[in-house]
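**Student:** Sending over a structure as structure tokens; questions will come in a sec.
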Amino acid sequence: MCGIVGLLVKKPELRASLGELMVPMLLGMSERGPDSAGVAVFGEALPNGDRRYSLYSDRESFDWKALLEKFQVQSDPAANIHIHSNQAVLLTQTGSNVVKSWLKTAYPDLYLLSVGRAIDLYKDAGSPAKIVDRYQLAALQGSHVVAHTRMATESAVTPDRAHPFTAGEDFCLVHNGSLSNPYSIRRQLEPRGIHFDTDNDTEAACRFLEWRMQAGDDLKTALQSSFTELDGFYTFLIGTQTQLALVRDAFACKPAVVAETDDYVAIASEFRSLAHLPEVNQAEIFEPAPEEIYLWTA
Amino acid sequence: MDGVMAKSTCFDLKQTPLRQVNQFLHHQVNPADSVTILNPDGAHNLAVGLDLPIAVEIHGHAGYYAAGMNKQARVIIHGNVGTGVAENMMSGRVQVKGFASASAGASAHGGLLVIDGDAGLRCGISLKGGDIVVGGSVGSFTAFMAQAGRIVVCGNAGDAIGDSLYEAVLYVRGEIKSLGADAQFEPMAEADYATVADLLDKAGFSHDPQEFKRIASAKQLYHWNVDANQEY
């Protein structure tokens with residue numbers, strides 16, 4: 001099954017309540033995805049040159065302050081860190097290749113969940129309610145959010161196989177469905193130097209689309225190619241620094257409902273995750289058609 | 001009614017658990033009673049398995065399988081519905097005032113399903129004798145493997161309508177993106193115009209039956225044809 005959730009607020013004054021609006025949406029999808037959950041939130045972009053790195057440790061007692069001190073000494077004295085239990089966001093001007101190889105050497109057990117100027121990522125195994133509490137997701141602020149509740153079918157239940165998946169910078173994807181050609185996608189990308197972190201089918205879709213965009217496609221063109229290149233069942237929700245995109249495969253077995261008002265566009269697998277939203281009864285409500293590309297800009 | 005007055009009851013799903021409402025609908029109603037349900041908020045399995053001629057009105061958007069397995073009851077949903085509205089209906093009438101998601105009226109054996117708005121994909125999949133009237137358009141794979149019953153579509157139809165049809169008959173007023181395997185257009189006979197007029201009347205739509213096209217099975221899939229090389 002799995003549940004997908006997306007929310008983009010159109011008015012700057014609503015950015016402070018993004019998490020508060022999103023949490024009931026995510027919890028509403030708990031039955032569709034009880035084993036893991038995750039949220040990618042896009043906030044105000046850092047100045048070019050600065051990056052945010054969402055890091056995950058499987059130990060709640062992980063000493064993030066020690067990591068920051070070590071990083072400040074060895075790389076960037078101006079670096080900072082925001083700690084949320086076993087997740088932390090490292091902010092630095094150090095180039096991403098240096099940061100990545102430093103992390104790999106100094107902290108090989110940490111997971112790098114996302115990199116970008118605007119994206120923060122939280123994901124973990126466990127019930128959505130537990131994850132909402134652990135990372136205090138109701139406090140999230142930003143312009144748009146891409147979230148997921150997982151009922152695993154294609155790979156094991158582990159934090160790194162939870163959605164959203166990320167690739168490159170400020171790019172994430174969540175998926176309801178299952179792909180039948182993730183390995184051929186992988187064999188297409190790996191010889192080009194694209195590294196995979198897991199054996200999950202969704203990661204293949206995420207890396208494929210981000211690779212298309214690196215190659216010069218805009219998001220719409222990249223998504224158009226997914227209709228011919230990605231085989232299987234999918235409803236995808238994709239987040240970039242400025243956009244939210246939604247697509248369903250030709251058979252559209254995996255559901256999605258959109259509710260749009262002057263204030264927000266909200267997306268979920270089912271209406272029950274949208275029912276609490278303000279003015280939802282006045283919203284334009286529709287189901288996305290198969291093989292149509294829906295794009296919203298923050 | 002043996003002197004018993006029909007009663008009306010109202011439930012607010014924000015106050016009363018869904019299971020309690022369904023148990024009431026199964027065990028505590030008499031013929032001609034009416035029940036109103038407020039704030040469905042997309043809940044699944046609303047008013048399923050009804051088995052008496054009662055009237056149920058749901059105000060708001062319902063989730064999956066709304067009014068599924070209906071027998072005799074008249075159910076109106078003043079909103080949209082999720083997957084499988086009136087699936088496996090045996091008799092009665094279910095009306096959706098908004099749009100319906102996928103698999104509306106799946107496997108319905110009898111009764112009438114009316115959707116005022118659009119229906120999603122696979123509307124009337126495996127239909128077994130029920131009737132469906134859609135005021136708007138239908139998505140792809142409408143009436144996939146439908147065995148008996150009629151579907152009237154006042155708007156357009158998506159891809160592969162009537163794929164692998166058996167004896168169900170479809171009438172479409174608007175444009176048809178593509179026919180499914182073994183589905184074909186057939187001339188409208190007097191009986192077809194009468195059928196469409198009757199179903200439109202029952203559903204409360206006022207289109208001219210002359211505007212509808214008939215789609216039925218070419219029956220080429222009924223027997224295995226080795227020379228067809230899987231191409232139909």
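Quick note on naming: the chains in the structure tokens go A, B, ... in the order shown, residues restart at 1 in each chain, and ligands are numbered from 1 in order of appearance.
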Using the chain letters and numbers from this document, which residues of region 19-152 of chain B does DSSP assign to strand (DSSP E or B), as a PyMOL selection string?
**Tutor:** chain B and resi 34-38+55-59+74-78+81+93-96+100+112-115+119+128-134+138+148-152
**Student:** Give the helix (DSSP H, G or I) residues of region 174-257 of chain A, as assigned by DSSP on the backbone, as JSON, numbers by chain.
**Tutor:** {"A": [182, 183, 184, 185, 186, 187, 188, 189, 190, 191, 192, 201, 202, 203, 204, 205, 206, 207, 208, 209, 210, 211, 212, 213, 214, 219, 220, 221, 222, 223, 224, 225, 226, 227, 228, 229]}
**Student:** One number please: CA of Cys253 (chain A) to CA of Val133 (chain B), in Å, one decimal.
**Tutor:**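 Here the two named atoms are 22.5 Å from each other.
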**Student:** Restrict the calculation to only C-alpha atoms, then for each residue of chain A with any atom at most 9 Å from an atom of chain B give the closest atom pair and their distance in Å to one decimal, rows by chain and rising residue number, as a Markdown table.
**Tutor:**
```
| residue | atom | partner | partner_atom | distance |
| --- | --- | --- | --- | --- |
| A:Ala250 | CA | B:Ser140 | CA | 8.8 |
| A:Phe251 | CA | B:Ser140 | CA | 7.9 |
| A:Ala252 | CA | B:Leu121 | CA | 7.6 |
| A:Cys253 | CA | B:Ala102 | CA | 8.1 |
| A:Pro255 | CA | B:Ala102 | CA | 8.5 |
| A:Glu270 | CA | B:Gly42 | CA | 7.3 |
| A:Phe271 | CA | B:Gly42 | CA | 5.2 |
| A:Arg272 | CA | B:Gly42 | CA | 4.2 |
| A:Ser273 | CA | B:Gly42 | CA | 8.0 |
| A:Leu274 | CA | B:Asp41 | CA | 8.3 |
| A:Ala275 | CA | B:Asp41 | CA | 5.2 |
| A:His276 | CA | B:Asp41 | CA | 8.0 |
| A:Asn281 | CA | B:Gly60 | CA | 8.4 |
| A:Ile285 | CA | B:Asn80 | CA | 8.9 |
| A:Phe286 | CA | B:Phe99 | CA | 8.3 |
| A:Glu287 | CA | B:Ser101 | CA | 7.5 |
| A:Ala289 | CA | B:Gly139 | CA | 8.2 |
| A:Pro290 | CA | B:Ser140 | CA | 8.8 |
```
**Student:** Dump all heavy atoms for the selected residues as a compact mmCIF listing (two decimals), in the first residue's frame?
**Tutor:**
```txt
# COMPACT_ATOMS: atom_id res chain seq x y z
N ALA A 250 -0.07 4.77 -16.16
CA ALA A 250 -1.22 4.67 -17.07
C ALA A 250 -2.39 3.90 -16.46
O ALA A 250 -3.54 4.15 -16.80
CB ALA A 250 -0.78 3.98 -18.36
N PHE A 251 -2.09 2.96 -15.58
CA PHE A 251 -3.17 2.14 -15.02
C PHE A 251 -3.76 2.76 -13.76
O PHE A 251 -4.84 2.37 -13.32
CB PHE A 251 -2.66 0.72 -14.73
CG PHE A 251 -2.33 0.00 -16.00
CD1 PHE A 251 -1.04 0.04 -16.52
CD2 PHE A 251 -3.30 -0.69 -16.69
CE1 PHE A 251 -0.74 -0.60 -17.71
CE2 PHE A 251 -3.00 -1.34 -17.88
CZ PHE A 251 -1.72 -1.29 -18.39
N ALA A 252 -3.01 3.71 -13.17
CA ALA A 252 -3.51 4.49 -12.04
C ALA A 252 -4.15 3.63 -10.96
O ALA A 252 -5.23 3.94 -10.46
CB ALA A 252 -4.46 5.59 -12.52
N CYS A 253 -3.50 2.53 -10.62
CA CYS A 253 -4.01 1.67 -9.54
C CYS A 253 -3.74 2.29 -8.18
O CYS A 253 -4.38 1.93 -7.20
CB CYS A 253 -3.33 0.31 -9.57
SG CYS A 253 -3.75 -0.66 -11.00
N PRO A 255 -3.75 5.34 -5.66
CA PRO A 255 -4.64 6.50 -5.61
C PRO A 255 -3.94 7.82 -5.31
O PRO A 255 -2.79 7.84 -4.87
CB PRO A 255 -5.58 6.14 -4.46
CG PRO A 255 -4.74 5.30 -3.56
CD PRO A 255 -3.83 4.51 -4.46
N GLU A 270 -5.58 9.49 -0.01
CA GLU A 270 -7.03 9.41 0.19
C GLU A 270 -7.54 10.71 0.81
O GLU A 270 -6.80 11.38 1.54
CB GLU A 270 -7.38 8.27 1.15
CG GLU A 270 -6.98 6.90 0.66
CD GLU A 270 -7.32 5.84 1.68
OE1 GLU A 270 -8.34 6.00 2.39
OE2 GLU A 270 -6.56 4.88 1.80
N PHE A 271 -8.81 10.96 0.59
CA PHE A 271 -9.41 12.19 1.11
C PHE A 271 -9.37 12.25 2.63
O PHE A 271 -9.31 13.34 3.21
CB PHE A 271 -10.87 12.34 0.63
CG PHE A 271 -11.52 13.57 1.16
CD1 PHE A 271 -11.21 14.82 0.64
CD2 PHE A 271 -12.40 13.50 2.24
CE1 PHE A 271 -11.78 15.97 1.17
CE2 PHE A 271 -12.97 14.64 2.77
CZ PHE A 271 -12.66 15.88 2.23
N ARG A 272 -9.39 11.11 3.31
CA ARG A 272 -9.44 11.17 4.78
C ARG A 272 -8.24 11.90 5.36
O ARG A 272 -8.28 12.34 6.51
CB ARG A 272 -9.61 9.79 5.40
CG ARG A 272 -8.59 8.77 4.99
CD ARG A 272 -8.96 7.42 5.60
NE ARG A 272 -8.19 6.36 4.99
CZ ARG A 272 -7.77 5.28 5.64
NH1 ARG A 272 -8.04 5.14 6.91
NH2 ARG A 272 -7.09 4.35 5.00
N SER A 273 -7.14 12.01 4.59
CA SER A 273 -5.99 12.78 5.07
C SER A 273 -6.13 14.27 4.78
O SER A 273 -5.29 15.06 5.21
CB SER A 273 -4.71 12.27 4.42
OG SER A 273 -4.14 11.27 5.23
N LEU A 274 -7.15 14.65 4.03
CA LEU A 274 -7.34 16.06 3.69
C LEU A 274 -8.51 16.67 4.46
O LEU A 274 -8.67 17.89 4.50
CB LEU A 274 -7.62 16.22 2.19
CG LEU A 274 -6.61 15.58 1.23
CD1 LEU A 274 -7.10 15.74 -0.21
CD2 LEU A 274 -5.24 16.20 1.38
N ALA A 275 -9.32 15.79 5.08
CA ALA A 275 -10.61 16.23 5.62
C ALA A 275 -10.48 17.30 6.70
O ALA A 275 -11.40 18.09 6.89
CB ALA A 275 -11.38 15.03 6.17
N HIS A 276 -9.35 17.34 7.41
CA HIS A 276 -9.20 18.29 8.51
C HIS A 276 -8.74 19.67 8.04
O HIS A 276 -8.71 20.61 8.83
CB HIS A 276 -8.16 17.76 9.49
CG HIS A 276 -6.78 17.83 8.92
ND1 HIS A 276 -6.32 16.91 8.00
CD2 HIS A 276 -5.80 18.74 9.05
CE1 HIS A 276 -5.11 17.25 7.63
NE2 HIS A 276 -4.76 18.36 8.25
N ASN A 281 -13.81 22.13 2.32
CA ASN A 281 -15.10 21.96 1.63
C ASN A 281 -15.31 22.98 0.51
O ASN A 281 -16.16 22.78 -0.35
CB ASN A 281 -16.24 22.00 2.64
CG ASN A 281 -16.25 20.75 3.49
OD1 ASN A 281 -15.91 19.66 3.00
ND2 ASN A 281 -16.57 20.89 4.76
N ILE A 285 -11.48 19.89 -5.55
CA ILE A 285 -10.99 18.54 -5.24
C ILE A 285 -11.03 17.69 -6.50
O ILE A 285 -12.04 17.66 -7.20
CB ILE A 285 -11.84 17.91 -4.13
CG1 ILE A 285 -11.75 18.75 -2.85
CG2 ILE A 285 -11.40 16.48 -3.85
CD1 ILE A 285 -12.66 18.30 -1.75
N PHE A 286 -9.93 17.03 -6.81
CA PHE A 286 -9.92 16.16 -7.99
C PHE A 286 -8.91 15.04 -7.84
O PHE A 286 -8.01 15.11 -6.99
CB PHE A 286 -9.61 16.97 -9.26
CG PHE A 286 -8.24 17.60 -9.29
CD1 PHE A 286 -7.16 16.95 -9.89
CD2 PHE A 286 -8.01 18.83 -8.70
CE1 PHE A 286 -5.90 17.53 -9.92
CE2 PHE A 286 -6.75 19.42 -8.72
CZ PHE A 286 -5.69 18.77 -9.33
N GLU A 287 -9.08 14.01 -8.67
CA GLU A 287 -8.11 12.93 -8.71
C GLU A 287 -7.23 13.12 -9.94
O GLU A 287 -7.76 13.32 -11.04
CB GLU A 287 -8.83 11.58 -8.80
CG GLU A 287 -9.64 11.28 -7.56
CD GLU A 287 -10.00 9.81 -7.44
OE1 GLU A 287 -9.93 9.09 -8.45
OE2 GLU A 287 -10.35 9.40 -6.33
N ALA A 289 -5.31 12.50 -13.23
CA ALA A 289 -5.53 11.52 -14.30
C ALA A 289 -4.23 10.76 -14.57
O ALA A 289 -3.14 11.26 -14.31
CB ALA A 289 -5.98 12.25 -15.56
N PRO A 290 -4.35 9.54 -15.11
CA PRO A 290 -3.15 8.77 -15.43
C PRO A 290 -2.30 9.47 -16.49
O PRO A 290 -2.83 10.09 -17.42
CB PRO A 290 -3.69 7.44 -15.95
CG PRO A 290 -5.14 7.64 -16.20
CD PRO A 290 -5.58 8.79 -15.37
```
**Student:** If you count only C-alpha atoms, which residues fall within 10 Å of Gly135 (chain B), apart from same-chain ones fewer than 4 positions away, as a PyMOL selection string?
**Tutor:** chain B and resi 97-99+114-119+152-156+200+203-205+207
**Student:** Using only C-alpha atoms, can you tell me which of B:Leu221, B:Asn22, B:Val94, B:Leu112 comes closest to Asp201 (chain B)?
**Tutor:**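 The answer is B:Leu112, which sits nearest to Asp201 (chain B).
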**Student:** Quick one: residues within 7 Å of region 135-144 of chain A, only C-alpha atoms counted, chain neighbours fewer than 4 positions away excluded, as a list in words?
**Tutor:**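 Using only C-alpha atoms, the neighbours found are Leu7, Leu8, Val9, Arg15, Ala16, Ser17, Leu18, Gly19, Glu20, Val23, Val41, Phe42, Gly43, Glu44, His84, Ser85, Ile131 and Ala298 of chain A.
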**Student:** Would you mind listing what lies within 10 Å of Arg248 (chain A) as a ChimeraX atom specification, with only C-alpha atoms counted and same-chain residues fewer than 2 positions away left out?
**Tutor:** /A:175-177,227,233-237,246,250-256,288-294
**Student:** How about saving the chosen residues, N, CA and C atoms kept, as a compact mmCIF listing (two decimals), in the first residue's frame?
**Tutor:**
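What landed in part_7.txt:
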```
# COMPACT_ATOMS: atom_id res chain seq x y z
N HIS A 175 6.81 7.43 -3.23
CA HIS A 175 6.24 6.50 -4.20
C HIS A 175 5.21 5.62 -3.51
N ASN A 176 4.07 5.48 -4.13
CA ASN A 176 3.12 4.45 -3.75
C ASN A 176 3.03 3.53 -4.96
N GLY A 177 3.42 2.27 -4.77
CA GLY A 177 3.38 1.34 -5.89
C GLY A 177 4.60 0.44 -5.86
N PHE A 227 7.26 7.99 -18.04
CA PHE A 227 6.13 7.20 -18.54
C PHE A 227 6.59 6.08 -19.47
N PHE A 233 3.85 0.05 -11.26
CA PHE A 233 2.75 0.84 -10.71
C PHE A 233 3.32 1.99 -9.91
N TYR A 234 2.81 3.17 -10.13
CA TYR A 234 3.30 4.27 -9.31
C TYR A 234 2.36 5.45 -9.26
N THR A 235 2.27 6.02 -8.07
CA THR A 235 1.93 7.41 -7.92
C THR A 235 3.18 8.02 -7.29
N PHE A 236 3.78 8.98 -8.00
CA PHE A 236 4.98 9.66 -7.49
C PHE A 236 4.63 11.07 -7.08
N LEU A 237 5.21 11.50 -5.96
CA LEU A 237 5.16 12.90 -5.58
C LEU A 237 6.61 13.34 -5.45
N LEU A 246 3.30 15.80 -9.31
CA LEU A 246 2.53 14.59 -9.03
C LEU A 246 2.25 13.87 -10.35
N ALA A 250 -0.07 4.77 -16.16
CA ALA A 250 -1.22 4.67 -17.07
C ALA A 250 -2.39 3.90 -16.46
N PHE A 251 -2.09 2.96 -15.58
CA PHE A 251 -3.17 2.14 -15.02
C PHE A 251 -3.76 2.76 -13.76
N ALA A 252 -3.01 3.71 -13.17
CA ALA A 252 -3.51 4.49 -12.04
C ALA A 252 -4.15 3.63 -10.96
N CYS A 253 -3.50 2.53 -10.62
CA CYS A 253 -4.01 1.67 -9.54
C CYS A 253 -3.74 2.29 -8.18
N LYS A 254 -2.76 3.17 -8.13
CA LYS A 254 -2.38 3.75 -6.84
C LYS A 254 -3.01 5.13 -6.73
N PRO A 255 -3.75 5.34 -5.66
CA PRO A 255 -4.64 6.50 -5.61
C PRO A 255 -3.94 7.82 -5.31
N ALA A 256 -4.64 8.89 -5.54
CA ALA A 256 -4.23 10.23 -5.11
C ALA A 256 -5.43 11.16 -5.22
N PRO A 288 -5.92 13.07 -9.78
CA PRO A 288 -5.06 13.24 -10.95
C PRO A 288 -5.27 12.12 -11.97
N ALA A 289 -5.31 12.50 -13.23
CA ALA A 289 -5.53 11.52 -14.30
C ALA A 289 -4.23 10.76 -14.57
N PRO A 290 -4.35 9.54 -15.11
CA PRO A 290 -3.15 8.77 -15.43
C PRO A 290 -2.30 9.47 -16.49
N GLU A 291 -0.98 9.36 -16.35
CA GLU A 291 -0.01 9.91 -17.31
C GLU A 291 -0.21 11.39 -17.59
N GLU A 292 -0.70 12.12 -16.60
CA GLU A 292 -0.74 13.58 -16.68
C GLU A 292 0.28 14.09 -15.67
N ILE A 293 0.90 15.22 -16.00
CA ILE A 293 1.89 15.79 -15.08
C ILE A 293 1.27 16.99 -14.39
N TYR A 294 1.25 16.95 -13.08
CA TYR A 294 0.71 18.06 -12.28
C TYR A 294 1.87 18.74 -11.57
```
